[in-house]
$ cat input_20.cif   # mmCIF, N, CA and C atoms and all ligand atoms
data_protein
loop_
_atom_site.label_atom_id
_atom_site.label_comp_id
_atom_site.auth_asym_id
_atom_site.auth_seq_id
_atom_site.Cartn_x
_atom_site.Cartn_y
_atom_site.Cartn_z
N MET C 1 7.04 -0.28 13.25
CA MET C 1 6.57 -0.86 11.99
C MET C 1 7.07 -0.01 10.83
N LYS C 2 7.16 -0.67 9.69
CA LYS C 2 7.65 0.00 8.49
C LYS C 2 6.66 -0.22 7.35
N ALA C 3 6.50 0.79 6.51
CA ALA C 3 5.58 0.68 5.38
C ALA C 3 6.18 1.35 4.15
N ILE C 4 5.59 1.05 3.00
CA ILE C 4 5.93 1.78 1.78
C ILE C 4 4.63 2.18 1.08
N VAL C 5 4.59 3.41 0.62
CA VAL C 5 3.42 3.92 -0.09
C VAL C 5 3.84 4.20 -1.53
N VAL C 6 3.13 3.58 -2.47
CA VAL C 6 3.50 3.72 -3.87
C VAL C 6 2.32 4.28 -4.65
N ASP C 7 2.47 5.49 -5.14
CA ASP C 7 1.41 6.17 -5.89
C ASP C 7 2.06 7.25 -6.73
N ASP C 8 1.56 7.46 -7.95
CA ASP C 8 2.13 8.52 -8.77
C ASP C 8 1.61 9.89 -8.34
N SER C 9 0.62 9.93 -7.47
CA SER C 9 0.12 11.20 -6.95
C SER C 9 0.89 11.61 -5.69
N ASN C 10 1.55 12.77 -5.77
CA ASN C 10 2.29 13.28 -4.61
C ASN C 10 1.35 13.47 -3.42
N VAL C 11 0.13 13.93 -3.72
CA VAL C 11 -0.84 14.24 -2.65
C VAL C 11 -1.25 12.96 -1.93
N ILE C 12 -1.58 11.91 -2.69
CA ILE C 12 -1.98 10.64 -2.06
C ILE C 12 -0.82 10.08 -1.21
N ARG C 13 0.38 10.12 -1.79
CA ARG C 13 1.54 9.62 -1.02
C ARG C 13 1.69 10.38 0.30
N MET C 14 1.57 11.68 0.22
CA MET C 14 1.73 12.52 1.40
C MET C 14 0.65 12.23 2.45
N VAL C 15 -0.59 12.13 2.00
CA VAL C 15 -1.72 11.89 2.92
C VAL C 15 -1.58 10.52 3.60
N VAL C 16 -1.29 9.49 2.80
CA VAL C 16 -1.19 8.14 3.37
C VAL C 16 0.03 8.05 4.29
N ARG C 17 1.15 8.64 3.88
CA ARG C 17 2.36 8.60 4.70
C ARG C 17 2.12 9.28 6.05
N LYS C 18 1.48 10.44 6.01
CA LYS C 18 1.18 11.19 7.22
C LYS C 18 0.28 10.37 8.16
N PHE C 19 -0.74 9.74 7.55
CA PHE C 19 -1.66 8.91 8.32
C PHE C 19 -0.92 7.74 8.99
N LEU C 20 -0.06 7.07 8.22
CA LEU C 20 0.65 5.90 8.76
C LEU C 20 1.61 6.31 9.87
N LEU C 21 2.29 7.43 9.69
CA LEU C 21 3.22 7.89 10.73
C LEU C 21 2.45 8.23 12.00
N ALA C 22 1.26 8.79 11.85
CA ALA C 22 0.44 9.14 13.01
C ALA C 22 -0.18 7.90 13.65
N SER C 23 -0.19 6.79 12.91
CA SER C 23 -0.84 5.56 13.39
C SER C 23 0.14 4.55 13.99
N GLY C 24 1.40 4.93 14.07
CA GLY C 24 2.36 4.06 14.74
C GLY C 24 3.46 3.48 13.87
N PHE C 25 3.45 3.79 12.57
CA PHE C 25 4.55 3.33 11.72
C PHE C 25 5.73 4.27 11.93
N ALA C 26 6.91 3.68 12.17
CA ALA C 26 8.10 4.49 12.43
C ALA C 26 8.74 4.97 11.14
N THR C 27 8.64 4.14 10.09
CA THR C 27 9.26 4.47 8.82
C THR C 27 8.26 4.26 7.70
N VAL C 28 8.10 5.23 6.84
CA VAL C 28 7.22 5.09 5.68
C VAL C 28 7.97 5.54 4.43
N LEU C 29 8.37 4.56 3.62
CA LEU C 29 9.05 4.85 2.37
C LEU C 29 8.03 5.28 1.33
N GLU C 30 8.50 5.96 0.29
CA GLU C 30 7.60 6.36 -0.79
C GLU C 30 8.17 5.96 -2.14
N GLY C 31 7.28 5.55 -3.03
CA GLY C 31 7.68 5.27 -4.40
C GLY C 31 6.67 5.90 -5.34
N LYS C 32 7.14 6.46 -6.46
CA LYS C 32 6.20 7.13 -7.35
C LYS C 32 5.72 6.24 -8.50
N ASN C 33 6.27 5.04 -8.59
CA ASN C 33 5.76 4.02 -9.52
C ASN C 33 6.37 2.69 -9.09
N GLY C 34 5.99 1.61 -9.78
CA GLY C 34 6.44 0.30 -9.37
C GLY C 34 7.96 0.14 -9.39
N ARG C 35 8.58 0.66 -10.43
CA ARG C 35 10.02 0.49 -10.55
C ARG C 35 10.75 1.23 -9.43
N ASP C 36 10.26 2.42 -9.15
CA ASP C 36 10.81 3.23 -8.06
C ASP C 36 10.66 2.48 -6.72
N ALA C 37 9.48 1.86 -6.53
CA ALA C 37 9.23 1.13 -5.29
C ALA C 37 10.19 -0.04 -5.14
N LEU C 38 10.41 -0.78 -6.21
CA LEU C 38 11.32 -1.94 -6.15
C LEU C 38 12.73 -1.48 -5.77
N ALA C 39 13.13 -0.32 -6.29
CA ALA C 39 14.44 0.23 -5.94
C ALA C 39 14.50 0.59 -4.46
N GLN C 40 13.39 1.14 -3.94
CA GLN C 40 13.33 1.50 -2.51
C GLN C 40 13.40 0.27 -1.62
N LEU C 41 12.90 -0.86 -2.14
CA LEU C 41 12.82 -2.09 -1.33
C LEU C 41 14.09 -2.93 -1.41
N GLU C 42 15.06 -2.48 -2.22
CA GLU C 42 16.34 -3.20 -2.32
C GLU C 42 17.06 -3.15 -0.97
N GLY C 43 17.32 -4.31 -0.38
CA GLY C 43 18.02 -4.33 0.89
C GLY C 43 17.18 -3.70 1.99
N GLY C 44 17.74 -3.57 3.16
CA GLY C 44 17.01 -2.96 4.26
C GLY C 44 15.96 -3.87 4.85
N GLU C 45 15.34 -3.40 5.90
CA GLU C 45 14.32 -4.15 6.62
C GLU C 45 13.06 -4.25 5.76
N VAL C 46 12.44 -5.41 5.76
CA VAL C 46 11.22 -5.62 4.96
C VAL C 46 10.03 -4.91 5.63
N PRO C 47 9.30 -4.08 4.88
CA PRO C 47 8.13 -3.43 5.47
C PRO C 47 7.03 -4.44 5.78
N GLN C 48 6.24 -4.16 6.79
CA GLN C 48 5.09 -5.02 7.11
C GLN C 48 3.91 -4.70 6.19
N LEU C 49 3.94 -3.51 5.60
CA LEU C 49 2.80 -3.03 4.81
C LEU C 49 3.25 -2.29 3.56
N ALA C 50 2.57 -2.59 2.45
CA ALA C 50 2.75 -1.79 1.23
C ALA C 50 1.37 -1.31 0.80
N VAL C 51 1.26 -0.03 0.53
CA VAL C 51 0.01 0.55 0.01
C VAL C 51 0.30 0.93 -1.43
N LEU C 52 -0.40 0.29 -2.37
CA LEU C 52 -0.08 0.46 -3.78
C LEU C 52 -1.24 1.04 -4.59
N ASP C 53 -0.93 2.03 -5.39
CA ASP C 53 -1.88 2.54 -6.37
C ASP C 53 -1.96 1.52 -7.51
N TRP C 54 -3.11 1.47 -8.17
CA TRP C 54 -3.27 0.54 -9.29
C TRP C 54 -2.77 1.18 -10.59
N ASN C 55 -3.20 2.42 -10.82
CA ASN C 55 -2.83 3.12 -12.05
C ASN C 55 -1.62 4.01 -11.85
N MET C 56 -0.50 3.59 -12.44
CA MET C 56 0.74 4.37 -12.34
C MET C 56 1.50 4.23 -13.65
N PRO C 57 2.26 5.27 -14.03
CA PRO C 57 3.10 5.15 -15.22
C PRO C 57 4.32 4.27 -14.93
N VAL C 58 5.06 3.95 -15.96
CA VAL C 58 6.32 3.19 -15.91
C VAL C 58 6.09 1.73 -15.51
N MET C 59 5.61 1.51 -14.28
CA MET C 59 5.29 0.15 -13.83
C MET C 59 4.08 0.28 -12.93
N ASP C 60 2.95 -0.29 -13.35
CA ASP C 60 1.70 -0.07 -12.62
C ASP C 60 1.53 -1.01 -11.41
N GLY C 61 0.41 -0.84 -10.74
CA GLY C 61 0.16 -1.58 -9.51
C GLY C 61 0.05 -3.08 -9.73
N ALA C 62 -0.54 -3.48 -10.85
CA ALA C 62 -0.69 -4.91 -11.15
C ALA C 62 0.68 -5.56 -11.33
N GLU C 63 1.55 -4.88 -12.08
CA GLU C 63 2.90 -5.41 -12.32
C GLU C 63 3.72 -5.42 -11.02
N LEU C 64 3.55 -4.37 -10.23
CA LEU C 64 4.29 -4.30 -8.97
C LEU C 64 3.80 -5.39 -8.01
N LEU C 65 2.48 -5.56 -7.94
CA LEU C 65 1.90 -6.60 -7.08
C LEU C 65 2.47 -7.96 -7.45
N ALA C 66 2.53 -8.25 -8.75
CA ALA C 66 3.06 -9.54 -9.21
C ALA C 66 4.54 -9.67 -8.82
N ALA C 67 5.29 -8.59 -8.98
CA ALA C 67 6.73 -8.63 -8.66
C ALA C 67 6.94 -8.84 -7.16
N LEU C 68 6.13 -8.16 -6.35
CA LEU C 68 6.28 -8.29 -4.89
C LEU C 68 5.91 -9.69 -4.43
N ARG C 69 4.82 -10.23 -5.01
CA ARG C 69 4.37 -11.56 -4.59
C ARG C 69 5.28 -12.67 -5.13
N ALA C 70 6.14 -12.32 -6.07
CA ALA C 70 7.10 -13.30 -6.59
C ALA C 70 8.43 -13.22 -5.85
N THR C 71 8.50 -12.36 -4.83
CA THR C 71 9.73 -12.18 -4.07
C THR C 71 9.60 -12.85 -2.70
N PRO C 72 10.24 -14.02 -2.50
CA PRO C 72 10.09 -14.76 -1.25
C PRO C 72 10.41 -13.94 0.00
N ALA C 73 11.37 -13.05 -0.07
CA ALA C 73 11.76 -12.24 1.09
C ALA C 73 10.64 -11.33 1.56
N LEU C 74 9.69 -11.03 0.68
CA LEU C 74 8.61 -10.10 1.01
C LEU C 74 7.29 -10.82 1.32
N GLU C 75 7.39 -12.13 1.50
CA GLU C 75 6.22 -12.98 1.65
C GLU C 75 5.22 -12.51 2.71
N GLY C 76 5.70 -12.06 3.85
CA GLY C 76 4.80 -11.69 4.94
C GLY C 76 4.22 -10.28 4.84
N MET C 77 4.60 -9.55 3.82
CA MET C 77 4.18 -8.15 3.71
C MET C 77 2.71 -8.04 3.28
N ALA C 78 1.92 -7.29 4.05
CA ALA C 78 0.53 -7.04 3.66
C ALA C 78 0.53 -6.02 2.53
N ILE C 79 -0.35 -6.23 1.55
CA ILE C 79 -0.44 -5.30 0.42
C ILE C 79 -1.86 -4.79 0.29
N VAL C 80 -2.02 -3.48 0.41
CA VAL C 80 -3.33 -2.84 0.24
C VAL C 80 -3.31 -2.09 -1.09
N MET C 81 -4.23 -2.45 -1.98
CA MET C 81 -4.31 -1.78 -3.28
C MET C 81 -5.28 -0.62 -3.21
N LEU C 82 -4.90 0.48 -3.83
CA LEU C 82 -5.78 1.65 -3.95
C LEU C 82 -6.23 1.74 -5.40
N THR C 83 -7.53 1.84 -5.62
CA THR C 83 -7.98 1.90 -7.00
C THR C 83 -9.22 2.76 -7.17
N THR C 84 -9.36 3.32 -8.31
CA THR C 84 -10.58 4.07 -8.65
C THR C 84 -11.42 3.27 -9.63
N GLU C 85 -10.90 2.11 -10.02
CA GLU C 85 -11.57 1.31 -11.04
C GLU C 85 -12.76 0.52 -10.50
N ALA C 86 -13.48 -0.12 -11.40
CA ALA C 86 -14.67 -0.89 -11.03
C ALA C 86 -14.32 -2.19 -10.31
N ASP C 87 -15.32 -2.93 -9.93
CA ASP C 87 -15.14 -4.13 -9.12
C ASP C 87 -14.27 -5.22 -9.72
N GLY C 88 -14.19 -5.29 -11.03
CA GLY C 88 -13.34 -6.27 -11.70
C GLY C 88 -11.90 -6.16 -11.26
N ILE C 89 -11.47 -4.94 -11.03
CA ILE C 89 -10.10 -4.67 -10.61
C ILE C 89 -9.86 -5.21 -9.20
N ARG C 90 -10.88 -5.01 -8.36
CA ARG C 90 -10.77 -5.51 -6.99
C ARG C 90 -10.53 -7.02 -6.98
N ALA C 91 -11.32 -7.72 -7.79
CA ALA C 91 -11.17 -9.18 -7.89
C ALA C 91 -9.79 -9.54 -8.40
N ALA C 92 -9.33 -8.80 -9.41
CA ALA C 92 -8.00 -9.07 -10.00
C ALA C 92 -6.90 -8.82 -8.97
N ALA C 93 -7.06 -7.76 -8.20
CA ALA C 93 -6.05 -7.42 -7.19
C ALA C 93 -5.99 -8.51 -6.12
N LEU C 94 -7.14 -8.93 -5.65
CA LEU C 94 -7.18 -9.96 -4.61
C LEU C 94 -6.66 -11.29 -5.15
N ALA C 95 -7.02 -11.59 -6.41
CA ALA C 95 -6.53 -12.81 -7.04
C ALA C 95 -5.02 -12.75 -7.23
N GLY C 96 -4.50 -11.54 -7.43
CA GLY C 96 -3.07 -11.35 -7.63
C GLY C 96 -2.27 -11.33 -6.34
N GLY C 97 -2.95 -11.49 -5.21
CA GLY C 97 -2.23 -11.58 -3.96
C GLY C 97 -2.36 -10.38 -3.04
N ALA C 98 -3.18 -9.40 -3.41
CA ALA C 98 -3.39 -8.26 -2.52
C ALA C 98 -4.12 -8.73 -1.26
N THR C 99 -3.76 -8.14 -0.13
CA THR C 99 -4.38 -8.50 1.14
C THR C 99 -5.74 -7.81 1.27
N ALA C 100 -5.82 -6.60 0.73
CA ALA C 100 -7.05 -5.81 0.79
C ALA C 100 -7.06 -4.82 -0.36
N CYS C 101 -8.22 -4.28 -0.63
CA CYS C 101 -8.38 -3.36 -1.74
C CYS C 101 -9.26 -2.20 -1.27
N LEU C 102 -8.84 -0.98 -1.54
CA LEU C 102 -9.56 0.18 -1.05
C LEU C 102 -9.85 1.11 -2.23
N ALA C 103 -11.14 1.50 -2.36
CA ALA C 103 -11.51 2.37 -3.47
C ALA C 103 -11.21 3.83 -3.14
N LYS C 104 -10.66 4.55 -4.10
CA LYS C 104 -10.44 5.99 -3.97
C LYS C 104 -11.70 6.70 -4.43
N PRO C 105 -12.09 7.82 -3.85
CA PRO C 105 -11.41 8.45 -2.71
C PRO C 105 -11.78 7.75 -1.41
N PHE C 106 -10.83 7.70 -0.47
CA PHE C 106 -11.07 7.04 0.80
C PHE C 106 -10.75 8.02 1.93
N THR C 107 -11.36 7.77 3.08
CA THR C 107 -11.10 8.61 4.25
C THR C 107 -10.05 7.92 5.12
N ALA C 108 -9.48 8.67 6.04
CA ALA C 108 -8.52 8.11 7.00
C ALA C 108 -9.21 7.02 7.80
N GLU C 109 -10.49 7.23 8.09
CA GLU C 109 -11.26 6.26 8.87
C GLU C 109 -11.37 4.92 8.13
N LYS C 110 -11.62 5.02 6.82
CA LYS C 110 -11.76 3.82 5.99
C LYS C 110 -10.43 3.05 5.92
N LEU C 111 -9.35 3.80 5.70
CA LEU C 111 -8.02 3.18 5.64
C LEU C 111 -7.69 2.54 6.99
N SER C 112 -7.99 3.26 8.03
CA SER C 112 -7.74 2.76 9.38
C SER C 112 -8.50 1.47 9.65
N SER C 113 -9.79 1.44 9.32
CA SER C 113 -10.57 0.24 9.62
C SER C 113 -10.12 -0.94 8.76
N GLU C 114 -9.71 -0.66 7.53
CA GLU C 114 -9.20 -1.71 6.66
C GLU C 114 -7.89 -2.30 7.20
N LEU C 115 -7.01 -1.43 7.69
CA LEU C 115 -5.73 -1.90 8.25
C LEU C 115 -5.95 -2.70 9.53
N ARG C 116 -6.90 -2.27 10.33
CA ARG C 116 -7.22 -3.02 11.54
C ARG C 116 -7.81 -4.39 11.18
N ARG C 117 -8.67 -4.38 10.16
CA ARG C 117 -9.32 -5.62 9.72
C ARG C 117 -8.29 -6.68 9.30
N ILE C 118 -7.20 -6.22 8.65
CA ILE C 118 -6.19 -7.19 8.21
C ILE C 118 -5.10 -7.41 9.25
N GLY C 119 -5.32 -6.89 10.47
CA GLY C 119 -4.47 -7.29 11.58
C GLY C 119 -3.47 -6.28 12.13
N PHE C 120 -3.52 -5.05 11.64
CA PHE C 120 -2.59 -4.05 12.17
C PHE C 120 -3.16 -3.41 13.43
N ALA C 121 -2.33 -3.33 14.46
CA ALA C 121 -2.72 -2.64 15.69
C ALA C 121 -2.24 -1.21 15.57
N LEU C 122 -3.13 -0.32 15.19
CA LEU C 122 -2.74 1.08 15.00
C LEU C 122 -2.78 1.80 16.34
N SER C 123 -1.91 2.80 16.46
CA SER C 123 -1.73 3.43 17.76
C SER C 123 -2.69 4.55 18.05
N SER C 124 -3.41 5.03 17.05
CA SER C 124 -4.33 6.13 17.33
C SER C 124 -5.67 5.87 16.66
N PRO C 125 -6.74 6.36 17.24
CA PRO C 125 -8.05 6.17 16.62
C PRO C 125 -8.15 6.97 15.31
N ALA C 126 -9.03 6.53 14.44
CA ALA C 126 -9.19 7.22 13.15
C ALA C 126 -9.85 8.57 13.35
N THR C 127 -9.42 9.50 12.55
CA THR C 127 -10.10 10.80 12.52
C THR C 127 -10.54 11.04 11.09
N THR C 128 -11.65 11.67 10.92
CA THR C 128 -12.14 11.87 9.54
C THR C 128 -11.86 13.28 9.08
MG MG Q 201 -2.31 6.72 -10.06
#

$ encode --input "input_20.cif" --output "structure tokens"
Amino acid sequence: MKAIVVDDSNVIRMVVRKFLLASGFATVLEGKNGRDALAQLEGGEVPQLAVLDWNMPVMDGAELLAALRATPALEGMAIVMLTTEADGIRAAALAGGATACLAKPFTAEKLSSELRRIGFALSSPATT
């Protein structure tokens, strides 16, 4: 499986990438904002999963979500939004085409159960 993690926080990208690699994803791309992510997604195999931060400079999660959902080639890609904002954002993200929404801070267990809920068969049990 292949994924992309998009967050302006180096730490969040590293933590999520490490978790996904340990959970059975063979390739995990990273983007530090929406524009960077779109460049990473040019050509190549389409990831099954994108984990997107909501608040990012240059091109934020809302704009990236809209761009991804407007790209027919990426139609089957699950999108998990990460946000620290209130519930209104969750509704907006889901309305914008996000598959799931996860509030920060989150544990590996929470991310794991959310990914399983949306249909990913992860290779290792969650650890907290
Ligand atoms: Mg951010």

$ axis_aligned_box --input "input_20.cif" --around "segment 98-102 of chain C" --padding-each-side "8 Å" --output "AutoDock Vina command-line options"
--center_x -6.5 --center_y -4.1 --center_z -1.1 --size_x 22.7 --size_y 26.5 --size_z 20.7

$ residues_near_ligand --input "input_20.cif" --ligand "ligand MG 201 (chain Q)" --cutoff "7 Å" --atoms "all atoms listed in the file" --output "PyMOL selection string"
chain C and resi 7-9+53-57

$ atom_distance --input "input_20.cif" --atom1 "atom CA of Ser124 of chain C" --atom2 "atom C of Val6 of chain C"
23.0 Å

$ closest_residue --input "input_20.cif" --among "C:Leu68, C:Leu38, C:Ile12, C:Val80" --to "Leu52 of chain C" --atoms "all atoms listed in the file"
C:Val80

$ residues_around --input "input_20.cif" --residues "Gly96 of chain C" --least-positions-apart "4" --cutoff "6.5 Å" --atoms "all atoms listed in the file" --output "list of chain:residue names"
C:Leu65, C:Ala66, C:Ala91, C:Ala92

$ closest_residue --input "input_20.cif" --among "C:Gly97, C:Pro105, C:Gly76, C:Gly88" --to "Val46 of chain C" --atoms "only N, CA and C atoms"
C:Gly76

$ residues_near_point --input "input_20.cif" --point "(-4.5, -0.2, 11.4)" --cutoff "12 Å" --atoms "only C-alpha atoms" --output "VMD selection string"
chain C and resid 1 3 19 to 25 48 to 49 78 80 108 to 126

$ closest_residue --input "input_20.cif" --among "C:Cys101, C:Ala93, C:Gly43, C:Ile4" --to "Glu30 of chain C" --atoms "only N, CA and C atoms"
C:Ile4

$ closest_residue --input "input_20.cif" --among "C:Gly61, C:Pro72, C:Gly31, C:Pro47" --to "Val5 of chain C" --atoms "only C-alpha atoms"
C:Gly31

$ select_by_dssp --input "input_20.cif" --residues "segment 25-80 of chain C" --states "strand (DSSP E or B)" --output "list of chain:residue names"
C:Thr27, C:Val28, C:Leu29, C:Glu30, C:Gly31, C:Leu49, C:Ala50, C:Val51, C:Leu52, C:Asp53, C:Ala78, C:Ile79, C:Val80

$ closest_residue --input "input_20.cif" --among "C:Asn33, C:Thr99, C:Thr83, C:Asn10" --to "Asp60 of chain C" --atoms "all atoms listed in the file"
C:Asn33

$ closest_residue --input "input_20.cif" --among "C:Ala26, C:Ile89, C:Lys104, C:Leu82" --to "Ala50 of chain C" --atoms "only C-alpha atoms"
C:Leu82

$ atom_distance --input "input_20.cif" --atom1 "atom CA of Arg35 of chain C" --atom2 "atom N of Met59 of chain C"
5.9 Å

$ atom_distance --input "input_20.cif" --atom1 "atom CA of Leu74 of chain C" --atom2 "atom CA of Val11 of chain C"
26.4 Å

$ select_by_dssp --input "input_20.cif" --residues "segment 79-120 of chain C" --states "alpha helix (DSSP H)" --output "JSON, numbers by chain"
{"C": [87, 88, 89, 90, 91, 92, 93, 94, 95, 108, 109, 110, 111, 112, 113, 114, 115, 116, 117]}

$ write_last_selection --input "input_20.cif" --atoms "N, CA and C atoms" --output "PDB file, in the coordinates of the input"
ATOM      1  N   ASP C  87     -15.320  -2.930  -9.930  1.00  0.00           N
ATOM      2  CA  ASP C  87     -15.140  -4.130  -9.120  1.00  0.00           C
ATOM      3  C   ASP C  87     -14.270  -5.220  -9.720  1.00  0.00           C
ATOM      4  N   GLY C  88     -14.190  -5.290 -11.030  1.00  0.00           N
ATOM      5  CA  GLY C  88     -13.340  -6.270 -11.700  1.00  0.00           C
ATOM      6  C   GLY C  88     -11.900  -6.160 -11.260  1.00  0.00           C
ATOM      7  N   ILE C  89     -11.470  -4.940 -11.030  1.00  0.00           N
ATOM      8  CA  ILE C  89     -10.100  -4.670 -10.610  1.00  0.00           C
ATOM      9  C   ILE C  89      -9.860  -5.210  -9.200  1.00  0.00           C
ATOM     10  N   ARG C  90     -10.880  -5.010  -8.360  1.00  0.00           N
ATOM     11  CA  ARG C  90     -10.770  -5.510  -6.990  1.00  0.00           C
ATOM     12  C   ARG C  90     -10.530  -7.020  -6.980  1.00  0.00           C
ATOM     13  N   ALA C  91     -11.320  -7.720  -7.790  1.00  0.00           N
ATOM     14  CA  ALA C  91     -11.170  -9.180  -7.890  1.00  0.00           C
ATOM     15  C   ALA C  91      -9.790  -9.540  -8.400  1.00  0.00           C
ATOM     16  N   ALA C  92      -9.330  -8.800  -9.410  1.00  0.00           N
ATOM     17  CA  ALA C  92      -8.000  -9.070 -10.000  1.00  0.00           C
ATOM     18  C   ALA C  92      -6.900  -8.820  -8.970  1.00  0.00           C
ATOM     19  N   ALA C  93      -7.060  -7.760  -8.200  1.00  0.00           N
ATOM     20  CA  ALA C  93      -6.050  -7.420  -7.190  1.00  0.00           C
ATOM     21  C   ALA C  93      -5.990  -8.510  -6.120  1.00  0.00           C
ATOM     22  N   LEU C  94      -7.140  -8.930  -5.650  1.00  0.00           N
ATOM     23  CA  LEU C  94      -7.180  -9.960  -4.610  1.00  0.00           C
ATOM     24  C   LEU C  94      -6.660 -11.290  -5.150  1.00  0.00           C
ATOM     25  N   ALA C  95      -7.020 -11.590  -6.410  1.00  0.00           N
ATOM     26  CA  ALA C  95      -6.530 -12.810  -7.040  1.00  0.00           C
ATOM     27  C   ALA C  95      -5.020 -12.750  -7.230  1.00  0.00           C
ATOM     28  N   ALA C 108      -9.480   8.670   6.040  1.00  0.00           N
ATOM     29  CA  ALA C 108      -8.520   8.110   7.000  1.00  0.00           C
ATOM     30  C   ALA C 108      -9.210   7.020   7.800  1.00  0.00           C
ATOM     31  N   GLU C 109     -10.490   7.230   8.090  1.00  0.00           N
ATOM     32  CA  GLU C 109     -11.260   6.260   8.870  1.00  0.00           C
ATOM     33  C   GLU C 109     -11.370   4.920   8.130  1.00  0.00           C
ATOM     34  N   LYS C 110     -11.620   5.020   6.820  1.00  0.00           N
ATOM     35  CA  LYS C 110     -11.760   3.820   5.990  1.00  0.00           C
ATOM     36  C   LYS C 110     -10.430   3.050   5.920  1.00  0.00           C
ATOM     37  N   LEU C 111      -9.350   3.800   5.700  1.00  0.00           N
ATOM     38  CA  LEU C 111      -8.020   3.180   5.640  1.00  0.00           C
ATOM     39  C   LEU C 111      -7.690   2.540   6.990  1.00  0.00           C
ATOM     40  N   SER C 112      -7.990   3.260   8.030  1.00  0.00           N
ATOM     41  CA  SER C 112      -7.740   2.760   9.380  1.00  0.00           C
ATOM     42  C   SER C 112      -8.500   1.470   9.650  1.00  0.00           C
ATOM     43  N   SER C 113      -9.790   1.440   9.320  1.00  0.00           N
ATOM     44  CA  SER C 113     -10.570   0.240   9.620  1.00  0.00           C
ATOM     45  C   SER C 113     -10.120  -0.940   8.760  1.00  0.00           C
ATOM     46  N   GLU C 114      -9.710  -0.660   7.530  1.00  0.00           N
ATOM     47  CA  GLU C 114      -9.200  -1.710   6.660  1.00  0.00           C
ATOM     48  C   GLU C 114      -7.890  -2.300   7.200  1.00  0.00           C
ATOM     49  N   LEU C 115      -7.010  -1.430   7.690  1.00  0.00           N
ATOM     50  CA  LEU C 115      -5.730  -1.900   8.250  1.00  0.00           C
ATOM     51  C   LEU C 115      -5.950  -2.700   9.530  1.00  0.00           C
ATOM     52  N   ARG C 116      -6.900  -2.270  10.330  1.00  0.00           N
ATOM     53  CA  ARG C 116      -7.220  -3.020  11.540  1.00  0.00           C
ATOM     54  C   ARG C 116      -7.810  -4.390  11.180  1.00  0.00           C
ATOM     55  N   ARG C 117      -8.670  -4.380  10.160  1.00  0.00           N
ATOM     56  CA  ARG C 117      -9.320  -5.620   9.720  1.00  0.00           C
ATOM     57  C   ARG C 117      -8.290  -6.680   9.300  1.00  0.00           C
TER      58      ARG C 117
END
